[in-house]
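Taking it in order: structure first as structure tokens, then the write-up.
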Amino acid sequence: MAERMKPMGMDRALSSKDSGGATSITDSTARLKHTSMQRTLSRTGSLHQDKRMGAKYDPQAEAEVRHWFKQLLNEDIGEGSMTVEKNLKDGILLIKLLQKLYDGTPNLPPECNNIKLKYNTSTAPFKQMENIELFLKGANAYGVPDNSLFQTVDLYEGRNMAMVIATILQVGTEAQRYNFNGPTCGSKPVEKHQVEFSYEQLKQSHGVIGLQSGTNKFATQKGMRIGAVRHIADIRADDL
């Protein structure tokens with residue numbers, strides 16, 4: 001029996017359909033591989049970031065902060081960055097700490113009078129973050145500069161617990177500055193040292209030439225014989 005002839009263009013359509021299906025499968029596989037690679041890189045980057053943050057974390061500073069919370073609030077914030085994050089994450093203990101400081105500071109900064117330290121006990125994430133933000137505002141009003149404050153996500157998401165500990169230590173430093181009548185932590189505050197000179201002392205400096213003015217400690221070039229002799233006037237002009 002003679003072989004049945006296929007209509008013209010049938011082979012081309014079938015081959016095109018088959019190749020299109022194979023191409024779509026290949027593209028899907030490539031996309032899956034790309035997505036998996038991106039997830040792996042993202043996970044690896046986050047692990048590297050966690051390692052860098054962990055390298056900056058100071059257990060001794062944490063122990064000092066933990067001892068301070070125990071003295072003031074009789075609360076144990078735990079040991080280790082993850083445990084400290086878990087116990088401070090809702091912001092309640094931080095606000096309680098500021099309440100103790102505000103009540104026990106005789107010369108409280110005027111900016112603190114505008115801060116209402118009232119925490120929220122809700123477990124909703126945005127309420128807990130509001131507690132952290134209230135602590136940051138209260139710490140800033142208490143004297144902690146902006147560049148010494150951690151970000152809300154540094155504590156709530158555990159991104160930079162070393163900065164959280166450093167901020168609490170800075171709060172303890174400001175408590176020492178304002179003579180808090182209780183236990184403190186952190187380094188001693190740096191006091192401004194201003195020196196005033198009398199008119200006679202300032203006048204004595206008028207006859208002194210500093211090195212910045214170009215003096216070479218009275219050295220001269222006498223006896224040097226390098227190069228030709230320097231003439232004050234032009235010789236040819238003198239001959240004319």
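By convention in this document, the chains of the structure tokens carry letters A, B, ... by their order, each chain's residues are numbered from 1, and ligands are numbered from 1 in the order they are shown.
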Rows by chain and residue number, segment 125-214 of chain A within 9 Å of segment 108-113 of chain A, shortest pair, only C-alpha atoms, as a tab-separated table:
```
residue	atom	partner	partner_atom	distance
A:Gly138	CA	A:Cys112	CA	6.7
A:Ala139	CA	A:Cys112	CA	8.8
A:Asn140	CA	A:Cys112	CA	8.9
A:Ala141	CA	A:Glu111	CA	5.2
A:Tyr142	CA	A:Cys112	CA	6.2
A:Gly143	CA	A:Pro109	CA	7.8
A:Tyr178	CA	A:Leu108	CA	6.9
```
Once you have the residues from the selection above, write them out as an mmCIF file, in the first residue's frame, restricted to N, CA and C atoms.
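Contents of selection-v5.cif, as written:
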```cif
data_model
loop_
_atom_site.group_PDB
_atom_site.id
_atom_site.type_symbol
_atom_site.label_atom_id
_atom_site.label_comp_id
_atom_site.auth_asym_id
_atom_site.auth_seq_id
_atom_site.Cartn_x
_atom_site.Cartn_y
_atom_site.Cartn_z
ATOM 1 N N GLY A 138 12.478 58.499 74.309
ATOM 2 C CA GLY A 138 12.783 58.837 75.698
ATOM 3 C C GLY A 138 14.271 58.875 75.977
ATOM 4 N N ALA A 139 15.029 57.951 75.379
ATOM 5 C CA ALA A 139 16.479 57.946 75.556
ATOM 6 C C ALA A 139 17.113 59.174 74.913
ATOM 7 N N ASN A 140 16.599 59.571 73.759
ATOM 8 C CA ASN A 140 17.107 60.766 73.094
ATOM 9 C C ASN A 140 16.819 62.023 73.912
ATOM 10 N N ALA A 141 15.639 62.096 74.509
ATOM 11 C CA ALA A 141 15.315 63.233 75.368
ATOM 12 C C ALA A 141 16.162 63.232 76.636
ATOM 13 N N TYR A 142 16.590 62.061 77.062
ATOM 14 C CA TYR A 142 17.415 61.933 78.270
ATOM 15 C C TYR A 142 18.864 62.329 78.024
ATOM 16 N N GLY A 143 19.235 62.475 76.756
ATOM 17 C CA GLY A 143 20.582 62.944 76.439
ATOM 18 C C GLY A 143 21.372 62.066 75.500
ATOM 19 N N TYR A 178 23.501 63.002 84.891
ATOM 20 C CA TYR A 178 22.424 63.741 85.565
ATOM 21 C C TYR A 178 22.220 63.286 87.005
#
```
* Distance atom CA of Val171 of chain A-atom CA of Ser148 of chain A, one decimal place? -> 9.5 Å
* Asked: Which polymer residues have any atom within 9 Å of an atom of Leu94 of chain A, counting only C-alpha atoms, with same-chain residues fewer than 3 positions away left out, as an MDAnalysis selection string?
  -> chainID A and resid 88 90:91 97:99 131:132 135 168
Take the residues that were just selected and, keeping C-alpha atoms, output them as a PDB file, in the first residue's frame.
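Result file is result21.pdb:
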```pdb
ATOM      1  CA  LEU A  88      13.642  42.973  75.133  1.00  0.00           C
ATOM      2  CA  ASP A  90       8.432  43.872  73.111  1.00  0.00           C
ATOM      3  CA  GLY A  91      10.059  47.042  74.505  1.00  0.00           C
ATOM      4  CA  LEU A  97      14.076  51.116  82.724  1.00  0.00           C
ATOM      5  CA  LEU A  98      13.480  54.678  81.536  1.00  0.00           C
ATOM      6  CA  GLN A  99      10.664  55.105  84.053  1.00  0.00           C
ATOM      7  CA  ASN A 131       7.160  50.500  72.570  1.00  0.00           C
ATOM      8  CA  ILE A 132      10.689  50.333  71.148  1.00  0.00           C
ATOM      9  CA  PHE A 135      12.083  54.037  74.360  1.00  0.00           C
ATOM     10  CA  ILE A 168      21.599  50.928  76.782  1.00  0.00           C
TER      11      ILE A 168
END
```
* To do: Give the alpha helix (DSSP H) residues of segment 65-191 of chain A, as assigned by DSSP on the backbone, as a ChimeraX atom specification.
  => /A:65-73,81-88,92-104,125-142,152-156,161-177
* Between A:Lys203, A:Lys96, A:Arg159, A:Lys89, which is the closest to Lys127 of chain A once you count only C-alpha atoms? -> A:Lys89
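Minimum atom-to-atom distances from A:Glu133, A:Pro59, A:Leu202, A:Gln176 to Asp154 of chain A were compared using only C-alpha atoms, and the lowest value belongs to A:Glu133.
Computed from the coordinates, the atom CA of Thr173 of chain A to atom CA of Gly186 of chain A distance equals 5.1 Å.
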